[in-house]
Structures are given as C-alpha cells and as structure tokens.
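Shown here: data_15.cif, mmCIF, C-alpha atoms.
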data_start
loop_
_atom_site.label_atom_id
_atom_site.label_comp_id
_atom_site.auth_asym_id
_atom_site.auth_seq_id
_atom_site.Cartn_x
_atom_site.Cartn_y
_atom_site.Cartn_z
CA MET A 5 0.00 0.00 0.00
CA LEU A 6 1.25 3.44 -0.95
CA ASN A 7 1.28 5.63 2.12
CA LEU A 8 3.33 8.74 2.76
CA GLU A 9 3.43 7.78 6.43
CA SER A 10 5.99 5.16 5.41
CA VAL A 11 8.44 8.02 4.78
CA GLY A 12 7.36 9.92 7.90
CA MET A 13 5.07 12.41 6.18
CA GLU A 14 2.07 13.61 8.14
CA ARG A 15 -1.07 15.13 6.70
CA GLY A 16 -0.99 18.93 6.58
CA LEU A 17 2.73 19.39 7.16
CA LEU A 18 5.14 20.97 4.70
CA TYR A 19 8.50 19.28 4.08
CA GLU A 20 11.70 20.61 2.53
CA THR A 21 12.59 18.35 -0.40
CA VAL A 22 14.49 18.43 -3.67
CA VAL A 23 12.35 17.94 -6.77
CA THR A 24 13.97 16.32 -9.78
CA THR A 25 12.55 16.78 -13.25
CA ARG A 26 13.55 15.96 -16.81
CA ASN A 27 14.52 18.80 -19.12
CA GLU A 28 13.30 18.88 -22.71
CA ASP A 29 16.71 17.61 -23.92
CA GLY A 30 16.52 14.67 -21.51
CA THR A 31 19.03 16.00 -18.96
CA PRO A 32 18.13 16.12 -15.25
CA ASN A 33 17.18 19.18 -13.23
CA ALA A 34 16.99 19.53 -9.45
CA ALA A 35 15.50 22.29 -7.30
CA PRO A 36 14.67 22.60 -3.59
CA MET A 37 10.91 22.69 -3.02
CA GLY A 38 8.44 22.66 -0.18
CA VAL A 39 6.04 19.73 -0.47
CA ILE A 40 2.81 19.60 1.50
CA CYS A 41 1.46 16.18 2.43
CA LYS A 42 -2.22 16.50 1.58
CA ASN A 43 -3.18 12.97 2.47
CA GLU A 44 -1.62 9.52 2.41
CA ASN A 45 -0.99 9.58 -1.35
CA GLU A 46 -1.32 13.16 -2.52
CA VAL A 47 1.04 16.12 -2.30
CA VAL A 48 0.70 19.82 -3.09
CA LEU A 49 3.45 22.14 -4.32
CA TYR A 50 3.59 25.88 -4.95
CA LEU A 51 6.03 26.59 -7.76
CA HIS A 52 7.27 30.00 -8.89
CA GLN A 53 6.44 30.76 -12.47
CA GLY A 54 9.39 30.90 -14.81
CA SER A 55 11.50 28.25 -13.10
CA GLN A 56 12.93 25.31 -14.99
CA THR A 57 11.04 23.01 -12.63
CA VAL A 58 7.62 24.47 -13.45
CA MET A 59 8.32 24.27 -17.19
CA ASN A 60 9.42 20.66 -16.89
CA VAL A 61 6.48 19.69 -14.70
CA LYS A 62 4.01 21.30 -17.10
CA ARG A 63 5.50 19.39 -20.03
CA GLU A 64 6.17 16.02 -18.42
CA GLU A 65 3.34 16.00 -15.82
CA LYS A 66 5.50 13.69 -13.78
CA PHE A 67 8.40 14.30 -11.39
CA LEU A 68 10.30 12.87 -8.45
CA VAL A 69 10.43 14.19 -4.92
CA ASN A 70 13.70 13.42 -3.12
CA ILE A 71 13.72 13.17 0.66
CA THR A 72 17.25 13.97 1.75
CA LYS A 73 19.15 15.81 4.46
CA ASP A 74 22.33 16.21 2.44
CA PRO A 75 23.31 19.88 2.79
CA MET A 76 25.39 19.98 -0.41
CA VAL A 77 22.42 18.71 -2.44
CA PHE A 78 20.37 21.69 -1.24
CA VAL A 79 23.24 24.09 -1.94
CA GLU A 80 24.00 22.77 -5.41
CA SER A 81 20.38 22.56 -6.51
CA THR A 82 19.81 26.15 -5.34
CA LEU A 83 22.96 27.79 -6.68
CA GLY A 84 22.88 25.94 -9.99
CA ASN A 85 22.34 22.30 -10.72
CA PRO A 86 24.14 19.25 -9.28
CA SER A 87 26.52 17.58 -11.72
CA GLN A 88 25.17 14.88 -14.01
CA GLU A 89 26.88 12.24 -11.85
CA SER A 90 24.73 13.28 -8.89
CA PHE A 91 21.66 11.76 -10.52
CA GLU A 92 20.46 8.21 -11.06
CA HIS A 93 17.97 7.15 -13.68
CA PHE A 94 14.58 5.85 -12.64
CA ASP A 95 12.06 4.99 -15.33
CA ASN A 96 12.00 8.02 -17.54
CA GLY A 97 13.19 10.38 -14.79
CA TYR A 98 15.98 10.96 -12.28
CA TYR A 99 16.50 10.83 -8.55
CA ILE A 100 19.42 12.10 -6.53
CA LYS A 101 22.15 9.64 -5.65
CA GLY A 102 22.32 9.12 -1.91
CA THR A 103 18.77 10.33 -1.24
CA ASP A 104 17.06 8.71 1.77
CA ALA A 105 13.94 8.07 -0.30
CA PHE A 106 12.05 9.40 -3.27
CA LEU A 107 8.46 9.65 -4.44
CA VAL A 108 7.38 9.24 -8.02
CA VAL A 109 4.41 11.56 -8.50
CA GLU A 110 2.05 12.43 -11.33
CA VAL A 111 0.23 15.71 -11.73
CA LEU A 112 -3.49 15.51 -10.95
CA ARG A 113 -4.23 19.17 -11.60
CA MET A 114 -2.39 22.42 -11.99
CA ARG A 115 -3.47 26.03 -11.78
CA ASP A 116 -1.73 29.38 -11.96
CA VAL A 117 -2.64 31.81 -9.23
CA GLU A 118 -1.57 35.37 -8.52
CA ARG A 119 -0.14 35.65 -5.05
CA GLU A 120 0.91 38.68 -3.12
CA ASP A 121 3.64 38.42 -0.54
CA GLN A 122 6.21 40.75 1.02
CA PHE A 123 8.02 40.98 -2.32
CA GLY A 124 5.01 41.96 -4.41
CA VAL A 125 2.64 40.11 -6.72
CA SER A 126 3.84 37.01 -8.55
CA THR A 127 2.36 34.05 -10.31
CA THR A 128 2.56 30.70 -8.61
CA THR A 129 1.63 27.36 -10.09
CA VAL A 130 -0.23 25.22 -7.59
CA ILE A 131 0.24 21.55 -8.31
CA ASN A 132 -1.71 18.66 -6.87
CA ALA A 133 0.08 15.41 -7.56
CA LYS A 134 -0.64 11.78 -6.87
CA VAL A 135 2.04 9.51 -5.44
CA GLN A 136 2.55 6.55 -7.76
CA GLU A 137 5.50 4.96 -6.11
CA ILE A 138 7.57 5.34 -2.95
CA VAL A 139 11.16 4.11 -3.04
CA LYS A 140 13.00 3.93 0.28
CA LYS A 141 16.79 3.76 0.20
CA LYS A 142 17.05 3.68 3.98
CA ASP A 143 15.01 1.64 6.45
CA HIS A 144 13.92 4.65 8.38
CA VAL A 145 13.19 7.93 6.66
CA GLU A 146 12.45 11.21 8.36
CA PRO A 147 11.64 14.12 6.06
CA LEU A 148 12.76 17.68 6.85
CA ASN A 149 10.12 19.75 8.58
CA ARG A 150 11.15 23.14 9.91
CA ALA A 151 8.53 23.59 12.63
CA ILE A 152 10.41 22.23 15.67
CA TYR A 153 13.46 24.33 14.75
CA GLY A 154 11.29 27.41 14.57
CA VAL A 155 9.91 26.63 18.02
CA ILE A 156 13.41 26.17 19.46
CA GLU A 157 14.71 29.36 17.85
CA ALA A 158 11.69 31.31 19.06
CA LEU A 159 12.40 30.11 22.61
CA VAL A 160 15.98 31.36 22.31
CA TYR A 161 14.77 34.83 21.31
CA LEU A 162 12.11 34.87 24.01
CA THR A 163 14.61 34.13 26.78
CA ARG A 164 17.05 36.70 25.41
CA MET A 165 14.59 39.57 25.18
CA GLU A 166 15.50 40.83 28.66
CA MET A 167 19.11 41.14 27.56
CA VAL A 168 18.74 43.10 24.34
CA SER A 169 17.76 46.61 23.38
CA GLY A 170 17.64 49.00 20.43
CA ASP A 171 18.32 47.48 17.02
CA MET A 172 18.78 43.97 18.40
CA GLU A 173 15.40 44.11 20.10
CA LYS A 174 13.78 45.26 16.85
CA LEU A 175 15.53 42.46 15.01
CA TYR A 176 14.32 39.84 17.50
CA ARG A 177 10.76 41.08 17.21
CA HIS A 178 10.95 40.89 13.43
CA ARG A 179 12.46 37.42 13.57
CA MET A 180 9.78 36.26 16.01
CA ARG A 181 7.03 37.26 13.59
CA GLU A 182 8.84 35.48 10.76
CA ILE A 183 9.24 32.28 12.81
CA SER A 184 5.59 32.35 13.82
CA ARG A 185 4.61 32.63 10.17
CA ILE A 186 6.83 29.69 9.20
CA VAL A 187 5.74 27.42 12.05
CA ASN A 188 2.08 28.07 11.23
CA LYS A 189 2.75 27.35 7.57
CA VAL A 190 4.81 24.18 7.86
CA GLY A 191 3.91 22.70 11.26
CA GLY A 192 1.31 20.44 12.80
CA LEU A 193 -1.19 21.19 15.56
CA GLU A 194 1.30 20.68 18.39
CA HIS A 195 3.83 23.00 16.76
CA LYS A 196 1.19 25.67 16.33
CA ARG A 197 0.05 25.24 19.92
CA ALA A 198 3.64 25.58 21.13
CA MET A 199 4.17 28.67 18.96
CA LYS A 200 0.97 30.22 20.36
CA ARG A 201 2.31 29.78 23.90
CA ILE A 202 5.59 31.44 22.92
CA SER A 203 3.84 34.31 21.14
CA ASP A 204 1.64 34.89 24.18
CA ALA A 205 4.69 35.06 26.45
CA PHE A 206 6.45 37.30 23.92
CA SER A 207 3.53 39.74 23.71
CA LYS A 208 4.72 41.59 26.80
CA TYR A 209 7.70 42.79 24.73
CA GLU A 210 5.59 44.02 21.81
CA MET B 16 27.66 -1.95 23.69
CA LEU B 17 26.95 1.65 24.65
CA ASN B 18 27.23 3.80 21.57
CA LEU B 19 25.65 7.18 20.91
CA GLU B 20 25.38 6.24 17.25
CA SER B 21 22.49 4.01 18.30
CA VAL B 22 20.47 7.19 18.91
CA GLY B 23 21.80 8.89 15.79
CA MET B 24 24.43 11.05 17.49
CA GLU B 25 27.59 11.79 15.53
CA ARG B 26 30.90 12.86 16.95
CA GLY B 27 31.36 16.63 17.07
CA LEU B 28 27.75 17.61 16.47
CA LEU B 29 25.59 19.52 18.93
CA TYR B 30 22.03 18.33 19.56
CA GLU B 31 19.07 20.12 21.11
CA THR B 32 17.86 18.03 24.04
CA VAL B 33 15.99 18.39 27.32
CA VAL B 34 18.05 17.62 30.43
CA THR B 35 16.21 16.26 33.43
CA THR B 36 17.70 16.53 36.91
CA ARG B 37 16.60 15.87 40.46
CA ASN B 38 16.03 18.84 42.76
CA GLU B 39 17.26 18.77 46.36
CA ASP B 40 13.71 18.00 47.57
CA GLY B 41 13.48 15.05 45.18
CA THR B 42 11.17 16.70 42.64
CA PRO B 43 12.07 16.69 38.93
CA ASN B 44 13.46 19.56 36.87
CA ALA B 45 13.68 19.87 33.08
CA ALA B 46 15.56 22.38 30.94
CA PRO B 47 16.41 22.56 27.23
CA MET B 48 20.14 22.10 26.66
CA GLY B 49 22.58 21.70 23.81
CA VAL B 50 24.54 18.47 24.11
CA ILE B 51 27.71 17.85 22.13
CA CYS B 52 28.54 14.27 21.22
CA LYS B 53 32.25 14.07 22.05
CA ASN B 54 32.69 10.43 21.20
CA GLU B 55 30.66 7.24 21.27
CA ASN B 56 30.04 7.40 25.03
CA GLU B 57 30.87 10.91 26.19
CA VAL B 58 28.97 14.18 25.95
CA VAL B 59 29.85 17.79 26.70
CA LEU B 60 27.44 20.48 27.94
CA TYR B 61 27.84 24.20 28.54
CA LEU B 62 25.53 25.27 31.36
CA HIS B 63 24.78 28.82 32.46
CA GLN B 64 25.72 29.49 36.03
CA GLY B 65 22.84 30.06 38.39
CA SER B 66 20.36 27.74 36.69
CA GLN B 67 18.54 25.04 38.60
CA THR B 68 20.08 22.47 36.27
CA VAL B 69 23.66 23.45 37.06
CA MET B 70 22.95 23.36 40.81
CA ASN B 71 21.36 19.94 40.52
CA VAL B 72 24.12 18.54 38.34
CA LYS B 73 26.80 19.80 40.73
CA ARG B 74 25.08 18.13 43.68
CA GLU B 75 23.93 14.88 42.08
CA GLU B 76 26.69 14.44 39.49
CA LYS B 77 24.22 12.48 37.44
CA PHE B 78 21.45 13.47 35.05
CA LEU B 79 19.35 12.31 32.12
CA VAL B 80 19.41 13.62 28.58
CA ASN B 81 16.06 13.33 26.78
CA ILE B 82 16.01 13.06 23.01
CA THR B 83 12.62 14.36 21.91
CA LYS B 84 11.00 16.44 19.21
CA ASP B 85 7.91 17.29 21.23
CA PRO B 86 7.48 21.08 20.86
CA MET B 87 5.43 21.46 24.06
CA VAL B 88 8.19 19.80 26.10
CA PHE B 89 10.64 22.44 24.87
CA VAL B 90 8.16 25.24 25.56
CA GLU B 91 7.21 24.06 29.04
CA SER B 92 10.77 23.34 30.14
CA THR B 93 11.84 26.81 28.96
CA LEU B 94 8.95 28.89 30.30
CA GLY B 95 8.77 27.04 33.61
CA ASN B 96 8.78 23.36 34.36
CA PRO B 97 6.57 20.61 32.93
CA SER B 98 3.96 19.31 35.38
CA GLN B 99 4.94 16.44 37.69
CA GLU B 100 2.86 14.07 35.53
CA SER B 101 5.13 14.78 32.57
CA PHE B 102 7.96 12.84 34.21
CA GLU B 103 8.64 9.16 34.76
CA HIS B 104 10.95 7.74 37.40
CA PHE B 105 14.12 5.99 36.36
CA ASP B 106 16.49 4.79 39.04
CA ASN B 107 16.99 7.81 41.23
CA GLY B 108 16.16 10.28 38.45
CA TYR B 109 13.49 11.23 35.96
CA TYR B 110 12.92 11.20 32.24
CA ILE B 111 10.21 12.86 30.20
CA LYS B 112 7.17 10.81 29.34
CA GLY B 113 6.91 10.29 25.60
CA THR B 114 10.59 10.99 24.92
CA ASP B 115 12.04 9.13 21.93
CA ALA B 116 15.05 8.04 23.99
CA PHE B 117 17.11 9.11 26.97
CA LEU B 118 20.69 8.84 28.12
CA VAL B 119 21.74 8.30 31.70
CA VAL B 120 25.00 10.18 32.17
CA GLU B 121 27.45 10.71 34.99
CA VAL B 122 29.75 13.70 35.39
CA LEU B 123 33.40 12.96 34.61
CA ARG B 124 34.65 16.48 35.24
CA MET B 125 33.29 19.96 35.61
CA ARG B 126 34.87 23.38 35.36
CA ASP B 127 33.63 26.94 35.54
CA VAL B 128 34.85 29.21 32.77
CA GLU B 129 34.29 32.88 32.05
CA ARG B 130 32.90 33.34 28.59
CA GLU B 131 32.29 36.47 26.63
CA ASP B 132 29.55 36.60 24.06
CA GLN B 133 27.37 39.27 22.47
CA PHE B 134 25.62 39.76 25.82
CA GLY B 135 28.75 40.31 27.91
CA VAL B 136 30.81 38.16 30.24
CA SER B 137 29.18 35.27 32.08
CA THR B 138 30.23 32.13 33.87
CA THR B 139 29.56 28.84 32.17
CA THR B 140 30.00 25.41 33.68
CA VAL B 141 31.54 23.02 31.19
CA ILE B 142 30.55 19.46 31.95
CA ASN B 143 32.07 16.31 30.51
CA ALA B 144 29.84 13.36 31.22
CA LYS B 145 30.02 9.66 30.54
CA VAL B 146 27.05 7.80 29.12
CA GLN B 147 26.13 4.96 31.45
CA GLU B 148 22.96 3.81 29.81
CA ILE B 149 20.97 4.44 26.66
CA VAL B 150 17.24 3.76 26.74
CA LYS B 151 15.38 3.82 23.44
CA LYS B 152 11.61 4.19 23.52
CA LYS B 153 11.33 4.14 19.74
CA ASP B 154 13.04 1.82 17.27
CA HIS B 155 14.57 4.63 15.33
CA VAL B 156 15.75 7.77 17.05
CA GLU B 157 16.95 10.92 15.34
CA PRO B 158 18.19 13.68 17.62
CA LEU B 159 17.58 17.37 16.81
CA ASN B 160 20.50 19.02 15.08
CA ARG B 161 19.96 22.51 13.73
CA ALA B 162 22.62 22.58 11.00
CA ILE B 163 20.57 21.48 7.98
CA TYR B 164 17.84 23.98 8.89
CA GLY B 165 20.44 26.74 9.04
CA VAL B 166 21.68 25.74 5.61
CA ILE B 167 18.16 25.79 4.17
CA GLU B 168 17.33 29.14 5.77
CA ALA B 169 20.59 30.64 4.54
CA LEU B 170 19.72 29.53 1.00
CA VAL B 171 16.36 31.28 1.29
CA TYR B 172 18.06 34.54 2.27
CA LEU B 173 20.69 34.18 -0.41
CA THR B 174 18.11 33.80 -3.18
CA ARG B 175 16.06 36.71 -1.84
CA MET B 176 18.92 39.20 -1.62
CA GLU B 177 18.19 40.55 -5.10
CA MET B 178 14.66 41.39 -4.01
CA VAL B 179 15.30 43.28 -0.80
CA SER B 180 16.77 46.63 0.16
CA GLY B 181 17.26 48.98 3.08
CA ASP B 182 16.34 47.61 6.50
CA MET B 183 15.40 44.18 5.13
CA GLU B 184 18.75 43.83 3.43
CA LYS B 185 20.53 44.76 6.68
CA LEU B 186 18.41 42.24 8.53
CA TYR B 187 19.22 39.47 6.05
CA ARG B 188 22.93 40.18 6.34
CA HIS B 189 22.73 40.02 10.12
CA ARG B 190 20.72 36.81 10.00
CA MET B 191 23.20 35.26 7.56
CA ARG B 192 26.08 35.87 9.99
CA GLU B 193 24.03 34.39 12.82
CA ILE B 194 23.16 31.28 10.79
CA SER B 195 26.78 30.81 9.77
CA ARG B 196 27.81 30.97 13.43
CA ILE B 197 25.16 28.38 14.41
CA VAL B 198 25.92 25.97 11.56
CA ASN B 199 29.63 26.08 12.38
CA LYS B 200 28.86 25.47 16.05
CA VAL B 201 26.37 22.63 15.77
CA GLY B 202 27.06 21.04 12.40
CA GLY B 203 29.31 18.42 10.86
CA LEU B 204 31.87 18.77 8.10
CA GLU B 205 29.36 18.61 5.27
CA HIS B 206 27.19 21.28 6.88
CA LYS B 207 30.20 23.55 7.30
CA ARG B 208 31.25 22.94 3.74
CA ALA B 209 27.75 23.79 2.51
CA MET B 210 27.67 26.93 4.66
CA LYS B 211 31.03 28.00 3.26
CA ARG B 212 29.65 27.74 -0.28
CA ILE B 213 26.65 29.86 0.69
CA SER B 214 28.80 32.47 2.45
CA ASP B 215 31.07 32.70 -0.59
CA ALA B 216 28.06 33.29 -2.86
CA PHE B 217 26.66 35.77 -0.33
CA SER B 218 29.87 37.76 -0.14
CA LYS B 219 28.95 39.75 -3.25
CA TYR B 220 26.20 41.38 -1.18
CA GLU B 221 28.46 42.28 1.73
#
Can you give me the file's structure in the form of structure tokens?
Amino acid sequence: MLNLESVGMERGLLYETVVTTRNEDGTPNAAPMGVICKNENEVVLYLHQGSQTVMNVKREEKFLVNITKDPMVFVESTLGNPSQESFEHFDNGYYIKGTDAFLVVEVLRMRDVEREDQFGVSTTTVINAKVQEIVKKKDHVEPLNRAIYGVIEALVYLTRMEMVSGDMEKLYRHRMREISRIVNKVGGLEHKRAMKRISDAFSKYE
Amino acid sequence: MLNLESVGMERGLLYETVVTTRNEDGTPNAAPMGVICKNENEVVLYLHQGSQTVMNVKREEKFLVNITKDPMVFVESTLGNPSQESFEHFDNGYYIKGTDAFLVVEVLRMRDVEREDQFGVSTTTVINAKVQEIVKKKDHVEPLNRAIYGVIEALVYLTRMEMVSGDMEKLYRHRMREISRIVNKVGGLEHKRAMKRISDAFSKYE
C-alpha cells in the first residue's frame, strides 16, 4: 500500500525536499521545493512561475520528490544544478544519488494563481500530484520539517529579550514574527500550539 | 555496547535536548540544553551558572538527557517546568514521558569558565559526562541538530537578496552571519562545507 506515512510524512505538514525533473533535452534538473502532504498519497506544491522546474512539470506531468538531508544537495540545486553524476535514472526520470527516499508523483491538476507576498505580486503554479511509487533507500526515513526548529529558535529569542535593546530588540521582534509565520505554515497542531504559547509570552515585549 | 550512534548522534555535532535533573527535595526539573557528542560514550554540555540544572548537576553528578522532538516539552521546560505528571521515574532520576530516547549520564569532570559573548561576560559550567545507559523508547531515534535547517534558511536569504533593500537587506545580512555561526557550532563537516559555499556566494552582497 502506498502511504506517505511510510516516509514519515504527516497530513498537513510541509517538508523541505528536492524535486527532480527531466529537461526537454533529456538532462536532469533539481530544485529545492516545499512539499505539502495533503493525504496519504497526494502532495501539493507551490512553484514559482518561470523556473525550470515548473516548465518541466508542465511538459512532463511527472516528477520525483527526493527526501534527503544532504546539505550539499540543497546548496547545489539552489545555486545551480548538481553535476550529471549526482543523478540516477529511474524509469524516464531521475533521482538524486544518496537520497534517503524518493516519491514518483504524477500531476493531478495544476493552476496558476496570482499571489501577493512581502516581495510583491507574482504568479505561482499550484500543483496537486498523486504519489505513484515510494522508493525507500534507507530503512527509516524522516523528512525535513522546519517547525520544531522554529519553536526552538523562538524560545531562544524569548529568553534573550530581557538582555537586548535598540536594534537587536527590533531584530528579535521581526524574527519572532517570521518564525511564527513559518511554524504556522509548515507545522502540525502541536507545533502551532507551542508557537501560540511562545507568542503569548512574547507579547509583553511588543 | 553503549554507543551514541544508536540514537543517531555523531561525533562533534551539537544536539538540542531536554536535560532532566533531580532537585534537592526530590522533585524533577527539566531544561532545554545543547549536548555535544564528544565520542561514542561521552557528551559535553555548557551550562549557564545560576540555573537550577547546574545546581542539581553539581550536587547529584548524574542526570538524564532526553532526546525528543515534542514542541510542548521544549516550551514548558523553557517557560517554567513541565507538570509532575510529565515525568517518569528511572532509578533515582526522571525522564520525560513520551521521549524518543534518553541517556543516563554521569559527570566525569566539571569546570567553571568565564565566557564572553554578544551579551557580555558570564560564567559557564563546562561538563564532561560519561554515558552509562541508553534507553530507546522508539526503534529509530533521530536527535535534533539545527545545522541542515540553518543551511536551508541561509539559502532562502541568499536567493532573496536581489529582491530586498534597506532595512530588510541589513536584517538578512545580520541573520546570515548568525546562521553561519550556528551551523559552524552545531554542524558536521558537510554542513560547514555547505555553509562556506553559501557564504562565498553571499559575499557579493556584503
């Protein structure tokens, strides 16, 4: 049975992954992407218009989601593209050598939406995709979710607020809002509950 | 054989844990603490003078290190102390109910050092402790290490630098230095290598 729980993914949480797609000329492409676990066999992605990944996904309607914690894979796929030798073939696509696991997914539906964030208005392609296969390269897989790190960082700032002033204090307040936003975007109920407690305690500094 | 690798701890990395100690009146105390894996059966902690934990460790010379990802445990042990029902007895000490694993450790040596950081000079107690027992409550345990999250966050800032200006740009630069400091403190060789690549790419904005 296909079930994203087998790679540690929980419904509603967003995980940091590396998506691998096939370029028109058959070469591989990799890019870091947030992947939301919608249910046991469906994921949702928000892709920025104009990226190689969105073009490839629109053409191929199929891609792979790599679950890895390798820091150099994230760096290389952000700053450029990992070397050809960093990929392995799988069916008609590619996964990243050394990945803990990967998902083979197929687009169910796609829509372009205008979104406004702190950097202005941009077009995002929202992709719902069905998991067709899960390949585990390690017995136990734990995907990257940022929520607990946000909670821990927020606690650091909270306990330091008595010690800072001026620009640092302003910076901590800004960072606290940013963390709260991230935890509420990527986390589960318990993360959000924890963040609420921290925000309540922090409110005396606002 | 006692080996910290059995709970996913690698030599030289710093993990976010919750340390549980016994108060003088026999009640339990919990506090979030960074724990460095020195080798397969020794850990190092840097404790702030004046905390309940440091007093308890100095008196008892024994404590437990809980490996957990429960956000509420981190919140409660930072903002106060978890309720008595959150603890379970173990030998003469306590661990946190629901923890993924815990280590029973005994102090090998302790020394007070003056340290200067961004908040001024303070006294820190450096503790080397020997692992006497490892108790796993889950088959697979993965301790919290912040390095990969730092790398991912740094990549976000790096790719956004073209889009920001003024105060935001200043903030990103500050945050980048902070992340670099954390990754180099808590991470392994690959994390540091990745961070170096990011810092090099970021240097054009400095």
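Using all atoms listed in the file, the contacts of A:Tyr50 at a cut-off of 9 Å, with sequence neighbours closer than 3 positions omitted, comprise Met37, Gly38, Val39, Thr128, Thr129, Val130 and Ile131 of chain A.
When only C-alpha atoms are used to compute distances to A:Val160, the closest of the residues B:Val58, B:Val69, B:Leu17, B:Val90 turns out to be B:Val90.
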Name the residues captured by the PyMOL selection byres ((chain A) within 8 of (chain B)) when it is applied to the shown file; answer as a short mmCIF file (atom, residue, chain, number, x, y, z; two decimals) with C-alpha atoms, in the frame of the given file.
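What landed in part30.cif:
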data_model
loop_
_atom_site.label_atom_id
_atom_site.label_comp_id
_atom_site.auth_asym_id
_atom_site.auth_seq_id
_atom_site.Cartn_x
_atom_site.Cartn_y
_atom_site.Cartn_z
CA LYS A 73 19.15 15.81 4.46
CA ASP A 74 22.33 16.21 2.44
CA PRO A 75 23.31 19.88 2.79
CA MET A 76 25.39 19.98 -0.41
CA PHE A 78 20.37 21.69 -1.24
CA VAL A 79 23.24 24.09 -1.94
CA THR A 82 19.81 26.15 -5.34
CA PHE A 123 8.02 40.98 -2.32
CA HIS A 144 13.92 4.65 8.38
CA ARG A 150 11.15 23.14 9.91
CA ILE A 152 10.41 22.23 15.67
CA TYR A 153 13.46 24.33 14.75
CA VAL A 155 9.91 26.63 18.02
CA ILE A 156 13.41 26.17 19.46
CA LEU A 159 12.40 30.11 22.61
CA MET A 167 19.11 41.14 27.56
CA VAL A 168 18.74 43.10 24.34
CA LEU A 175 15.53 42.46 15.01
CA GLU A 194 1.30 20.68 18.39
CA HIS A 195 3.83 23.00 16.76
CA ARG A 197 0.05 25.24 19.92
CA ALA A 198 3.64 25.58 21.13
CA ARG A 201 2.31 29.78 23.90
CA ILE A 202 5.59 31.44 22.92
#
Quick one: which residues end up in the PyMOL selection byres ((chain B and resi 106-109) around 9) for this structure, as a PyMOL selection string? chain B and resi 35-37+41-44+77-79+102-105+110-111+119
Selection: 7 Å around A:Lys140, only C-alpha atoms, excl. self and same-chain fewer than 5 positions, as a PyMOL selection string: chain A and resi 104-106
Write to file, as an mmCIF file, keeping the file's coordinate frame, the residues of the selection just made, with C-alpha atoms.
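What follows is the written file selection11.cif:
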data_model
loop_
_atom_site.group_PDB
_atom_site.id
_atom_site.type_symbol
_atom_site.label_atom_id
_atom_site.label_comp_id
_atom_site.auth_asym_id
_atom_site.auth_seq_id
_atom_site.Cartn_x
_atom_site.Cartn_y
_atom_site.Cartn_z
ATOM 1 C CA ASP A 104 17.060 8.710 1.770
ATOM 2 C CA ALA A 105 13.940 8.070 -0.300
ATOM 3 C CA PHE A 106 12.050 9.400 -3.270
#
Atom pair atom CA of B:Arg196 / atom CA of A:Glu182: separation (Å): 19.7 Å
Which is closest to A:Glu9 among A:Tyr176, A:Gln53, A:Pro147, A:Asn132, if we use all atoms listed in the file? A:Pro147
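Considering the residues B:Ala46, B:Leu19, B:Ile51, B:Leu60 and counting all atoms listed in the file, B:Gly202 has its shortest atom-to-atom contact with B:Ile51.
We find atom CA of A:Lys141 and atom CA of A:Leu193 to be spaced 29.4 Å apart.
Atom CA of B:Thr83 lies 28.6 Å from atom CA of B:Arg130.
With all atoms listed in the file as the atoms that count, the residue of B:Ile82, B:Ser98, B:Arg124, B:Glu129 with the shortest distance to B:His63 is B:Glu129.
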